[in-house]
>>> print(open('coords22.csv').read())   # CSV, C-alpha atoms and all ligand atoms
chain,number,residue,atom,x,y,z
A,397,MET,CA,-101.9,-184.5,67.1
A,398,ASN,CA,-101.7,-188.0,65.6
A,399,LYS,CA,-101.5,-188.7,61.9
A,400,GLN,CA,-105.2,-189.5,61.5
A,401,THR,CA,-106.4,-186.3,63.2
A,402,LYS,CA,-104.0,-184.3,60.9
A,403,VAL,CA,-105.5,-185.9,57.8
A,404,TRP,CA,-109.1,-185.1,59.0
A,405,LEU,CA,-108.1,-181.5,59.8
A,406,VAL,CA,-106.6,-181.0,56.3
A,407,LEU,CA,-109.6,-182.6,54.7
A,408,SER,CA,-112.1,-180.5,56.5
A,409,ILE,CA,-110.2,-177.2,55.8
A,410,ALA,CA,-110.1,-178.2,52.1
A,411,LEU,CA,-113.9,-178.9,52.1
A,412,SER,CA,-114.7,-175.6,53.8
A,413,LEU,CA,-112.6,-173.8,51.2
A,414,LEU,CA,-114.4,-175.6,48.4
A,415,ALA,CA,-117.8,-174.7,49.9
A,416,LEU,CA,-116.6,-171.0,50.2
A,417,GLY,CA,-115.4,-171.1,46.6
A,418,SER,CA,-118.7,-172.3,45.2
A,419,ALA,CA,-120.7,-169.9,47.4
A,420,CYS,CA,-118.7,-167.0,46.0
A,421,GLY,CA,-118.8,-168.4,42.4
A,422,GLY,CA,-122.5,-167.5,41.8
A,423,GLY,CA,-123.9,-168.1,38.4
A,424,THR,CA,-122.5,-170.3,35.6
A,425,SER,CA,-121.0,-167.4,33.6
A,426,THR,CA,-118.9,-166.3,36.6
A,427,ASN,CA,-117.6,-169.8,37.1
A,428,LYS,CA,-116.6,-169.9,33.4
A,429,GLU,CA,-114.6,-166.7,33.8
A,430,ALA,CA,-112.9,-168.0,36.9
A,431,THR,CA,-111.9,-171.2,35.0
A,432,SER,CA,-110.4,-169.4,32.1
A,433,THR,CA,-108.5,-167.0,34.4
A,434,THR,CA,-107.0,-170.0,36.1
A,435,ALA,CA,-106.1,-171.6,32.9
A,436,SER,CA,-104.3,-168.6,31.5
A,437,ALA,CA,-102.3,-168.3,34.7
A,438,GLU,CA,-100.8,-171.7,34.2
A,439,ALA,CA,-97.2,-171.9,33.3
A,440,PRO,CA,-95.9,-173.3,30.0
A,441,TYR,CA,-94.3,-176.8,30.1
A,442,SER,CA,-90.6,-176.8,30.3
A,443,GLY,CA,-88.5,-180.0,30.3
A,444,PRO,CA,-87.8,-182.9,28.0
A,445,THR,CA,-90.2,-183.8,25.4
A,446,GLY,CA,-91.0,-186.8,23.1
A,447,THR,CA,-92.9,-187.5,20.0
A,448,VAL,CA,-95.9,-189.4,18.8
A,449,THR,CA,-95.5,-191.0,15.4
A,450,GLY,CA,-97.7,-193.3,13.4
A,451,VAL,CA,-99.1,-194.3,10.1
A,452,ILE,CA,-102.8,-194.0,9.1
A,453,SER,CA,-104.0,-197.0,7.1
A,454,TYR,CA,-107.1,-197.4,5.0
A,455,ASN,CA,-108.6,-200.9,5.0
A,456,GLY,CA,-110.5,-202.1,1.9
A,457,THR,CA,-111.0,-200.4,-1.4
A,458,PRO,CA,-111.3,-196.6,-1.1
A,459,PRO,CA,-114.0,-194.8,-3.0
A,460,ALA,CA,-112.5,-193.7,-6.4
A,461,PRO,CA,-112.1,-189.9,-6.8
A,462,LYS,CA,-114.9,-188.4,-8.8
A,463,LYS,CA,-114.2,-185.8,-11.5
A,464,ILE,CA,-115.7,-182.4,-10.6
A,465,ASP,CA,-117.9,-180.6,-13.1
A,466,THR,CA,-116.5,-177.1,-13.2
A,467,THR,CA,-118.7,-175.7,-16.0
A,468,ALA,CA,-120.2,-173.2,-13.6
A,469,ASP,CA,-116.8,-171.4,-13.6
A,470,PRO,CA,-114.8,-171.8,-16.8
A,471,VAL,CA,-111.7,-170.3,-15.1
A,472,CYS,CA,-111.5,-173.4,-12.8
A,473,GLY,CA,-111.8,-175.8,-15.7
A,474,GLN,CA,-109.1,-174.1,-17.6
A,475,LYS,CA,-106.6,-174.0,-14.8
A,476,ASN,CA,-107.5,-177.4,-13.3
A,477,PRO,CA,-109.1,-179.6,-16.0
A,478,ASN,CA,-108.6,-182.8,-13.9
A,479,LEU,CA,-110.1,-181.4,-10.7
A,480,SER,CA,-111.5,-184.3,-8.6
A,481,THR,CA,-112.9,-185.1,-5.1
A,482,ASP,CA,-110.2,-185.2,-2.4
A,483,ASP,CA,-112.1,-186.6,0.6
A,484,THR,CA,-110.4,-189.9,0.6
A,485,ILE,CA,-106.8,-189.8,-0.6
A,486,VAL,CA,-105.3,-193.3,-0.4
A,487,LYS,CA,-102.0,-194.5,-1.8
A,488,ASP,CA,-100.8,-198.1,-1.2
A,489,GLY,CA,-103.4,-198.5,1.6
A,490,LYS,CA,-102.2,-195.3,3.5
A,491,LEU,CA,-104.6,-192.4,4.2
A,492,ALA,CA,-103.6,-188.8,3.8
A,493,ASN,CA,-105.3,-185.7,5.5
A,494,THR,CA,-106.1,-187.4,8.8
A,495,PHE,CA,-105.9,-184.9,11.7
A,496,VAL,CA,-104.1,-186.5,14.6
A,497,TYR,CA,-103.9,-184.7,18.0
A,498,ILE,CA,-103.4,-185.1,21.7
A,499,LYS,CA,-107.0,-185.0,23.0
A,500,ASP,CA,-106.4,-185.5,26.7
A,501,GLY,CA,-104.0,-187.0,29.2
A,502,THR,CA,-101.7,-186.5,32.1
A,503,VAL,CA,-98.1,-185.2,31.9
A,504,GLN,CA,-95.6,-187.3,34.0
A,505,ALA,CA,-95.5,-184.4,36.5
A,506,GLY,CA,-99.1,-185.3,37.4
A,507,LYS,CA,-101.0,-182.3,35.8
A,508,LYS,CA,-103.5,-182.6,33.0
A,509,ILE,CA,-102.2,-181.5,29.6
A,510,ALA,CA,-105.0,-178.9,29.5
A,511,GLU,CA,-103.6,-177.3,32.6
A,512,TYR,CA,-100.5,-176.1,30.7
A,513,SER,CA,-100.5,-173.0,28.7
A,514,TRP,CA,-98.9,-172.8,25.2
A,515,PRO,CA,-97.8,-169.6,23.6
A,516,THR,CA,-99.7,-168.5,20.5
A,517,PRO,CA,-97.2,-168.9,17.6
A,518,THR,CA,-96.2,-165.7,15.8
A,519,SER,CA,-96.0,-167.6,12.6
A,520,GLU,CA,-99.1,-167.8,10.4
A,521,VAL,CA,-100.7,-170.8,8.7
A,522,GLN,CA,-101.5,-170.5,5.0
A,523,LEU,CA,-104.6,-171.7,3.3
A,524,ASP,CA,-104.4,-171.2,-0.4
A,525,GLN,CA,-107.0,-171.4,-3.1
A,526,ASN,CA,-105.4,-172.7,-6.2
A,527,GLY,CA,-107.1,-174.3,-9.2
A,528,CYS,CA,-110.4,-173.9,-7.3
A,529,HIS,CA,-109.1,-176.2,-4.7
A,530,TYR,CA,-108.0,-175.6,-1.1
A,531,ALA,CA,-104.4,-176.4,-0.2
A,532,PRO,CA,-103.9,-177.9,2.2
A,533,HIS,CA,-107.1,-179.8,2.5
A,534,VAL,CA,-106.8,-180.4,6.2
A,535,LEU,CA,-104.7,-178.1,8.5
A,536,GLY,CA,-104.2,-177.2,12.1
A,537,VAL,CA,-103.8,-173.9,13.9
A,538,MET,CA,-103.6,-172.9,17.5
A,539,VAL,CA,-106.2,-170.8,19.2
A,540,ASN,CA,-105.7,-167.1,18.1
A,541,GLN,CA,-103.0,-168.1,15.6
A,542,LYS,CA,-103.2,-166.2,12.3
A,543,LEU,CA,-104.6,-168.0,9.4
A,544,LYS,CA,-103.6,-166.4,6.1
A,545,ILE,CA,-105.9,-167.1,3.2
A,546,THR,CA,-104.6,-166.4,-0.3
A,547,ASN,CA,-106.3,-166.6,-3.7
A,548,SER,CA,-103.9,-167.9,-6.5
A,549,ASP,CA,-106.8,-168.1,-9.0
A,550,ALA,CA,-108.0,-165.7,-11.7
A,551,THR,CA,-111.5,-165.9,-10.3
A,552,GLN,CA,-113.4,-164.9,-7.2
A,553,HIS,CA,-113.7,-167.2,-4.1
A,554,ASN,CA,-115.8,-166.8,-1.0
A,555,ILE,CA,-114.3,-168.5,2.1
A,556,HIS,CA,-117.0,-169.7,4.5
A,557,PRO,CA,-116.0,-171.6,7.6
A,558,THR,CA,-119.0,-173.2,9.4
A,559,PRO,CA,-117.8,-173.7,13.0
A,560,LYS,CA,-120.0,-174.8,15.9
A,561,LEU,CA,-118.0,-173.2,18.7
A,562,ASN,CA,-116.3,-170.3,17.0
A,563,GLN,CA,-118.0,-167.4,15.1
A,564,GLU,CA,-119.2,-168.2,11.6
A,565,TRP,CA,-118.1,-165.8,8.8
A,566,ASN,CA,-117.8,-165.7,5.1
A,567,GLN,CA,-115.8,-163.3,3.0
A,568,THR,CA,-115.4,-162.7,-0.7
A,569,GLN,CA,-111.9,-162.7,-2.1
A,570,ALA,CA,-111.7,-161.4,-5.6
A,571,ASN,CA,-109.0,-162.2,-8.2
A,572,GLY,CA,-105.8,-160.4,-7.1
A,573,ALA,CA,-107.3,-159.4,-3.7
A,574,PRO,CA,-104.8,-159.3,-0.8
A,575,PRO,CA,-104.7,-162.2,1.7
A,576,ILE,CA,-107.4,-162.4,4.3
A,577,GLU,CA,-106.1,-162.8,7.8
A,578,ARG,CA,-108.3,-164.4,10.4
A,579,ALA,CA,-108.0,-166.4,13.7
A,580,PHE,CA,-110.3,-168.6,15.7
A,581,ASN,CA,-110.5,-167.9,19.4
A,582,ARG,CA,-111.8,-171.3,20.6
A,583,ALA,CA,-110.5,-174.8,20.3
A,584,GLU,CA,-112.6,-176.8,17.8
A,585,VAL,CA,-111.9,-180.1,16.0
A,586,LEU,CA,-112.5,-179.6,13.1
A,587,ILE,CA,-114.1,-176.6,11.4
A,588,PRO,CA,-115.4,-177.3,7.9
A,589,VAL,CA,-114.7,-174.6,5.3
A,590,LYS,CA,-116.6,-174.2,2.1
A,591,CYS,CA,-116.6,-171.8,-0.8
A,592,ASN,CA,-119.9,-170.1,-1.6
A,593,GLN,CA,-118.8,-169.7,-5.3
A,594,HIS,CA,-117.6,-173.3,-5.9
A,595,PRO,CA,-119.7,-175.9,-4.0
A,596,TRP,CA,-117.1,-178.6,-4.4
A,597,MET,CA,-114.3,-176.7,-2.5
A,598,LYS,CA,-113.9,-178.1,1.0
A,599,ALA,CA,-111.2,-177.8,3.7
A,600,TYR,CA,-111.1,-178.6,7.4
A,601,ILE,CA,-109.3,-176.6,10.1
A,602,GLY,CA,-108.4,-178.1,13.5
A,603,VAL,CA,-108.1,-175.4,16.2
A,604,LEU,CA,-106.3,-176.4,19.5
A,605,LYS,CA,-105.0,-174.7,22.6
A,606,HIS,CA,-101.7,-176.6,22.2
A,607,PRO,CA,-99.4,-177.3,19.3
A,608,LEU,CA,-99.6,-181.1,19.7
A,609,PHE,CA,-101.2,-182.0,16.4
A,610,ALA,CA,-100.2,-183.2,12.9
A,611,VAL,CA,-101.8,-184.1,9.6
A,612,SER,CA,-101.0,-187.4,7.9
A,613,SER,CA,-99.1,-187.0,4.6
A,614,ASP,CA,-99.6,-188.8,1.3
A,615,THR,CA,-97.7,-191.8,2.8
A,616,GLY,CA,-100.2,-191.8,5.8
A,617,ALA,CA,-97.3,-190.9,8.2
A,618,PHE,CA,-97.5,-188.2,10.9
A,619,GLU,CA,-95.3,-186.9,13.7
A,620,ILE,CA,-96.4,-184.9,16.7
A,621,LYS,CA,-93.3,-183.2,18.2
A,622,GLY,CA,-92.7,-181.5,21.5
A,623,VAL,CA,-95.0,-183.8,23.6
A,624,PRO,CA,-94.2,-183.7,27.4
A,625,PRO,CA,-93.6,-187.2,28.7
A,626,GLY,CA,-96.9,-188.6,29.9
A,627,THR,CA,-99.9,-190.8,29.1
A,628,TYR,CA,-102.4,-189.5,26.6
A,629,THR,CA,-105.4,-190.2,24.5
A,630,VAL,CA,-104.4,-189.6,20.9
A,631,ALA,CA,-107.2,-189.0,18.5
A,632,ALA,CA,-107.2,-189.4,14.7
A,633,TRP,CA,-110.0,-187.6,12.9
A,634,ARG,CA,-111.0,-187.9,9.3
A,635,GLU,CA,-113.8,-186.2,7.3
A,636,GLY,CA,-117.0,-188.0,6.4
A,637,GLY,CA,-120.6,-187.8,7.4
A,638,ALA,CA,-121.9,-184.8,9.4
A,639,THR,CA,-119.1,-184.5,11.9
A,640,GLY,CA,-116.3,-186.8,10.6
A,641,GLU,CA,-115.0,-189.9,12.1
A,642,GLU,CA,-112.7,-190.1,15.1
A,643,LYS,CA,-110.7,-192.9,16.6
A,644,THR,CA,-108.7,-192.8,19.8
A,645,MET,CA,-105.9,-194.7,21.4
A,646,GLN,CA,-103.9,-194.5,24.7
A,647,VAL,CA,-100.2,-194.0,24.4
A,648,THR,CA,-97.3,-193.3,26.9
A,649,VAL,CA,-94.7,-190.9,25.6
A,650,PRO,CA,-91.3,-191.3,27.2
A,651,ALA,CA,-88.9,-188.3,27.8
A,652,ASN,CA,-86.7,-187.9,24.7
A,653,GLY,CA,-88.4,-190.9,23.2
A,654,SER,CA,-91.2,-191.8,20.8
A,655,ALA,CA,-94.6,-193.4,21.2
A,656,LYS,CA,-96.4,-195.2,18.3
A,657,ALA,CA,-100.0,-194.5,17.4
A,658,ASP,CA,-101.1,-196.3,14.2
A,659,PHE,CA,-104.7,-196.0,13.2
A,660,ALA,CA,-106.9,-197.6,10.5
A,661,PHE,CA,-110.0,-196.3,8.8
A,662,GLY,CA,-112.2,-197.8,6.2
A,663,GLY,CA,-113.1,-201.4,6.2
A,664,ALA,CA,-116.0,-201.1,8.7
A,665,ALA,CA,-118.0,-199.0,6.3
A,666,THR,CA,-117.7,-201.6,3.5
A,667,SER,CA,-118.7,-204.4,5.9
A,668,SER,CA,-121.8,-202.5,7.1
A,669,THR,CA,-123.4,-203.2,3.7
A,670,LYS,CA,-123.2,-206.9,4.5
A,671,PRO,CA,-126.3,-208.5,6.1
A,672,SER,CA,-124.7,-209.7,9.3
A,673,LEU,CA,-125.1,-206.8,11.7
A,674,GLN,CA,-123.7,-208.9,14.6
A,675,MET,CA,-120.3,-208.7,12.9
A,676,MET,CA,-120.2,-204.9,13.2
A,677,PRO,CA,-119.0,-204.4,16.8
A,678,ALA,CA,-116.0,-206.7,16.3
A,679,LEU,CA,-115.1,-205.0,13.1
A,680,GLU,CA,-115.3,-201.6,14.9
A,681,ILE,CA,-112.3,-202.4,17.1
A,682,PRO,CA,-109.3,-200.4,15.9
A,683,VAL,CA,-106.6,-202.4,14.2
A,684,ARG,CA,-103.3,-202.1,16.1
A,685,HIS,CA,-99.9,-203.1,14.7
B,1,CU,CU,-114.0,-170.9,-4.7
>>> encode(input="coords22.csv", output="structure tokens", more="lines below")
Ligand SMILES: [Cu+2]
Amino acid sequence: MNKQTKVWLVLSIALSLLALGSACGGGTSTNKEATSTTASAEAPYSGPTGTVTGVISYNGTPPAPKKIDTTADPVCGQKNPNLSTDDTIVKDGKLANTFVYIKDGTVQAGKKIAEYSWPTPTSEVQLDQNGCHYAPHVLGVMVNQKLKITNSDATQHNIHPTPKLNQEWNQTQANGAPPIERAFNRAEVLIPVKCNQHPWMKAYIGVLKHPLFAVSSDTGAFEIKGVPPGTYTVAAWREGGATGEEKTMQVTVPANGSAKADFAFGGAATSSTKPSLQMMPALEIPVRH
């Protein structure tokens, strides 16, 4: 058998197997189950890892924080008299609370990052309500990882995540009530959280199948650790509008090394108030340093 014949033989066998597979697959729901079974059977990544680091900048003048009227609940005003909006925290041109994560990509070994499985951490992630304010404001958890919600206030809160892919719930947590423990069973970036008692309270939870995410600090800096060497789309998400604003960038992470992913927000929003609409596409291009 010559080389060409061999190739054709392998191809036709592969094609018949594919046809057989789809014939047995049946309806859409069955296919979904098959996919998830395959995914969970994947082995975890083992080998050297690298990091993705960067700084999130904010171009232009950020909106000034607004003082929140807490007269509806005097307890909030007593504990936190200077409570103000926290949707855009900018210090020296650097933006906090940006959720940065590996969105897609291929590990050096050739497999997609989504084809690896990652163990659910046994540690829990805490979301505290303190001074009628969520802390942290933006956080990440892995699928099925425990989220521990605590109430440090002398008043009642009602935690109400409004996901699109996970199940929506809301639960009252009275003053002194024990922590609420919950988990999200589907990846979703990001889930808005509100409080039914205090309309100004907002938090955002990123849920991912892998631990390759980070939130920018007050200096705008972030670091994603434990990234298998490979080429990835890194996404930076920040709140705003109906679904937030996301920017992406391609990076290559070396084994035992670091890739840089600096992002910039702001700027474009300010310029959109200018009359020249033709300027907008150019201004939309992410700034790279
Ligand atoms: Cu509340």
>>> closest_residue(input="coords22.csv", among="A:Asp549, A:Glu564, A:Glu438, A:Glu584", to="Lys507 (chain A)", atoms="all atoms listed in the file")
A:Glu438
>>> residues_near_ligand(input="coords22.csv", ligand="ligand CU 1 (chain B)", cutoff="10 Å", atoms="all atoms listed in the file", output="number ranges by chain")
A: 469, 472, 525-530, 547, 549, 551-556, 568-570, 590-598
>>> write_last_selection(input="coords22.csv", atoms="C-alpha atoms", output="compact mmCIF listing (two decimals), in the coordinates of the input")
# COMPACT_ATOMS: atom_id res chain seq x y z
CA ASP A 469 -116.80 -171.40 -13.60
CA CYS A 472 -111.50 -173.40 -12.80
CA GLN A 525 -107.00 -171.40 -3.10
CA ASN A 526 -105.40 -172.70 -6.20
CA GLY A 527 -107.10 -174.30 -9.20
CA CYS A 528 -110.40 -173.90 -7.30
CA HIS A 529 -109.10 -176.20 -4.70
CA TYR A 530 -108.00 -175.60 -1.10
CA ASN A 547 -106.30 -166.60 -3.70
CA ASP A 549 -106.80 -168.10 -9.00
CA THR A 551 -111.50 -165.90 -10.30
CA GLN A 552 -113.40 -164.90 -7.20
CA HIS A 553 -113.70 -167.20 -4.10
CA ASN A 554 -115.80 -166.80 -1.00
CA ILE A 555 -114.30 -168.50 2.10
CA HIS A 556 -117.00 -169.70 4.50
CA THR A 568 -115.40 -162.70 -0.70
CA GLN A 569 -111.90 -162.70 -2.10
CA ALA A 570 -111.70 -161.40 -5.60
CA LYS A 590 -116.60 -174.20 2.10
CA CYS A 591 -116.60 -171.80 -0.80
CA ASN A 592 -119.90 -170.10 -1.60
CA GLN A 593 -118.80 -169.70 -5.30
CA HIS A 594 -117.60 -173.30 -5.90
CA PRO A 595 -119.70 -175.90 -4.00
CA TRP A 596 -117.10 -178.60 -4.40
CA MET A 597 -114.30 -176.70 -2.50
CA LYS A 598 -113.90 -178.10 1.00
>>> atom_distance(input="coords22.csv", atom1="CA of Val521 (chain A)", atom2="CA of Thr449 (chain A)")
21.9 Å
>>> closest_residue(input="coords22.csv", among="A:Val623, A:Ala660, A:Met645, A:Ala651", to="Tyr512 (chain A)", atoms="all atoms listed in the file")
A:Val623
>>> axis_aligned_box(input="coords22.csv", around="region 650-653 of chain A", padding_each_side="5 Å", output="lines of an AutoDock Vina configuration file")
center_x = -89.0
center_y = -189.6
center_z = 25.5
size_x = 14.6
size_y = 13.4
size_z = 14.6
>>> closest_residue(input="coords22.csv", among="A:Pro461, A:Gly489, A:Gly456, A:Gly572", to="Thr615 (chain A)", atoms="all atoms listed in the file")
A:Gly489
>>> closest_residue(input="coords22.csv", among="A:Gly602, A:Gly446, A:Pro458, A:Pro515", to="Lys621 (chain A)", atoms="all atoms listed in the file")
A:Gly446
>>> closest_residue(input="coords22.csv", among="A:Asn652, A:Thr502, A:Thr466, A:Gln567", to="Gly622 (chain A)", atoms="all atoms listed in the file")
A:Asn652
>>> residues_around(input="coords22.csv", residues="Thr516 (chain A)", least_positions_apart="6", cutoff="12 Å", atoms="all atoms listed in the file", output="list in words")
Ser436, Pro440, Val537, Met538, Val539, Asn540, Gln541, Lys542, Ala579, Phe580, Asn581, Val603, Leu604, Lys605, His606 and Pro607 of chain A
>>> write_last_selection(input="coords22.csv", atoms="C-alpha atoms", output="mmCIF file, keeping the file's coordinate frame")
data_model
loop_
_atom_site.group_PDB
_atom_site.id
_atom_site.type_symbol
_atom_site.label_atom_id
_atom_site.label_comp_id
_atom_site.auth_asym_id
_atom_site.auth_seq_id
_atom_site.Cartn_x
_atom_site.Cartn_y
_atom_site.Cartn_z
ATOM 1 C CA SER A 436 -104.300 -168.600 31.500
ATOM 2 C CA PRO A 440 -95.900 -173.300 30.000
ATOM 3 C CA VAL A 537 -103.800 -173.900 13.900
ATOM 4 C CA MET A 538 -103.600 -172.900 17.500
ATOM 5 C CA VAL A 539 -106.200 -170.800 19.200
ATOM 6 C CA ASN A 540 -105.700 -167.100 18.100
ATOM 7 C CA GLN A 541 -103.000 -168.100 15.600
ATOM 8 C CA LYS A 542 -103.200 -166.200 12.300
ATOM 9 C CA ALA A 579 -108.000 -166.400 13.700
ATOM 10 C CA PHE A 580 -110.300 -168.600 15.700
ATOM 11 C CA ASN A 581 -110.500 -167.900 19.400
ATOM 12 C CA VAL A 603 -108.100 -175.400 16.200
ATOM 13 C CA LEU A 604 -106.300 -176.400 19.500
ATOM 14 C CA LYS A 605 -105.000 -174.700 22.600
ATOM 15 C CA HIS A 606 -101.700 -176.600 22.200
ATOM 16 C CA PRO A 607 -99.400 -177.300 19.300
#
>>> closest_residue(input="coords22.csv", among="A:Tyr628, A:Tyr454, A:Trp514, A:Trp565", to="Tyr497 (chain A)", atoms="all atoms listed in the file")
A:Tyr628
>>> atom_distance(input="coords22.csv", atom1="CA of Pro625 (chain A)", atom2="CA of Pro444 (chain A)")
7.3 Å
>>> atom_distance(input="coords22.csv", atom1="CA of Thr639 (chain A)", atom2="CA of Thr546 (chain A)")
26.2 Å
>>> residues_around(input="coords22.csv", residues="Val448 (chain A)", least_positions_apart="6", cutoff="6 Å", atoms="only C-alpha atoms", output="ChimeraX atom specification")
/A:619-620,654-656
>>> residues_around(input="coords22.csv", residues="Thr457 (chain A)", least_positions_apart="5", cutoff="10 Å", atoms="only C-alpha atoms", output="PyMOL selection string")
chain A and resi 486+489+662-663+666
>>> residues_near_point(input="coords22.csv", point="(-98.8, -195.7, 14.9)", cutoff="9 Å", atoms="only C-alpha atoms", output="PDB file with C-alpha atoms, keeping the file's coordinate frame")
ATOM      1  CA  VAL A 448     -95.900-189.400  18.800  1.00  0.00           C
ATOM      2  CA  THR A 449     -95.500-191.000  15.400  1.00  0.00           C
ATOM      3  CA  GLY A 450     -97.700-193.300  13.400  1.00  0.00           C
ATOM      4  CA  VAL A 451     -99.100-194.300  10.100  1.00  0.00           C
ATOM      5  CA  ILE A 452    -102.800-194.000   9.100  1.00  0.00           C
ATOM      6  CA  ALA A 617     -97.300-190.900   8.200  1.00  0.00           C
ATOM      7  CA  PHE A 618     -97.500-188.200  10.900  1.00  0.00           C
ATOM      8  CA  ALA A 655     -94.600-193.400  21.200  1.00  0.00           C
ATOM      9  CA  LYS A 656     -96.400-195.200  18.300  1.00  0.00           C
ATOM     10  CA  ALA A 657    -100.000-194.500  17.400  1.00  0.00           C
ATOM     11  CA  ASP A 658    -101.100-196.300  14.200  1.00  0.00           C
ATOM     12  CA  PHE A 659    -104.700-196.000  13.200  1.00  0.00           C
ATOM     13  CA  ARG A 684    -103.300-202.100  16.100  1.00  0.00           C
ATOM     14  CA  HIS A 685     -99.900-203.100  14.700  1.00  0.00           C
TER      15      HIS A 685
END
>>> build_atoms(input="coords22.csv", residues="region 605-616 of chain A", atoms="N, CA and C atoms", output="PDB file, in the coordinates of the input")
ATOM      1  N   LYS A 605    -105.667-175.608  21.664  1.00  0.00           N
ATOM      2  CA  LYS A 605    -105.000-174.700  22.600  1.00  0.00           C
ATOM      3  C   LYS A 605    -103.511-175.072  22.721  1.00  0.00           C
ATOM      4  N   HIS A 606    -103.131-176.204  22.158  1.00  0.00           N
ATOM      5  CA  HIS A 606    -101.700-176.600  22.200  1.00  0.00           C
ATOM      6  C   HIS A 606    -101.245-176.959  20.814  1.00  0.00           C
ATOM      7  N   PRO A 607     -99.931-177.064  20.643  1.00  0.00           N
ATOM      8  CA  PRO A 607     -99.400-177.300  19.300  1.00  0.00           C
ATOM      9  C   PRO A 607     -99.222-178.836  19.024  1.00  0.00           C
ATOM     10  N   LEU A 608     -99.864-179.691  19.814  1.00  0.00           N
ATOM     11  CA  LEU A 608     -99.600-181.100  19.700  1.00  0.00           C
ATOM     12  C   LEU A 608    -100.553-181.787  18.732  1.00  0.00           C
ATOM     13  N   PHE A 609    -100.339-181.476  17.459  1.00  0.00           N
ATOM     14  CA  PHE A 609    -101.200-182.000  16.400  1.00  0.00           C
ATOM     15  C   PHE A 609    -100.358-182.184  15.125  1.00  0.00           C
ATOM     16  N   ALA A 610    -100.860-182.989  14.202  1.00  0.00           N
ATOM     17  CA  ALA A 610    -100.200-183.200  12.900  1.00  0.00           C
ATOM     18  C   ALA A 610    -101.253-183.696  11.927  1.00  0.00           C
ATOM     19  N   VAL A 611    -100.927-183.603  10.644  1.00  0.00           N
ATOM     20  CA  VAL A 611    -101.800-184.100   9.600  1.00  0.00           C
ATOM     21  C   VAL A 611    -101.059-185.178   8.825  1.00  0.00           C
ATOM     22  N   SER A 612    -101.700-186.319   8.585  1.00  0.00           N
ATOM     23  CA  SER A 612    -101.000-187.400   7.900  1.00  0.00           C
ATOM     24  C   SER A 612    -100.702-186.967   6.433  1.00  0.00           C
ATOM     25  N   SER A 613     -99.509-187.351   5.974  1.00  0.00           N
ATOM     26  CA  SER A 613     -99.100-187.000   4.600  1.00  0.00           C
ATOM     27  C   SER A 613     -99.585-188.004   3.612  1.00  0.00           C
ATOM     28  N   ASP A 614     -99.146-187.880   2.377  1.00  0.00           N
ATOM     29  CA  ASP A 614     -99.600-188.800   1.300  1.00  0.00           C
ATOM     30  C   ASP A 614     -99.116-190.247   1.600  1.00  0.00           C
ATOM     31  N   THR A 615     -98.120-190.419   2.475  1.00  0.00           N
ATOM     32  CA  THR A 615     -97.700-191.800   2.800  1.00  0.00           C
ATOM     33  C   THR A 615     -98.445-192.272   4.065  1.00  0.00           C
ATOM     34  N   GLY A 616     -99.379-191.467   4.581  1.00  0.00           N
ATOM     35  CA  GLY A 616    -100.200-191.800   5.800  1.00  0.00           C
ATOM     36  C   GLY A 616     -99.421-191.530   7.073  1.00  0.00           C
TER      37      GLY A 616
END
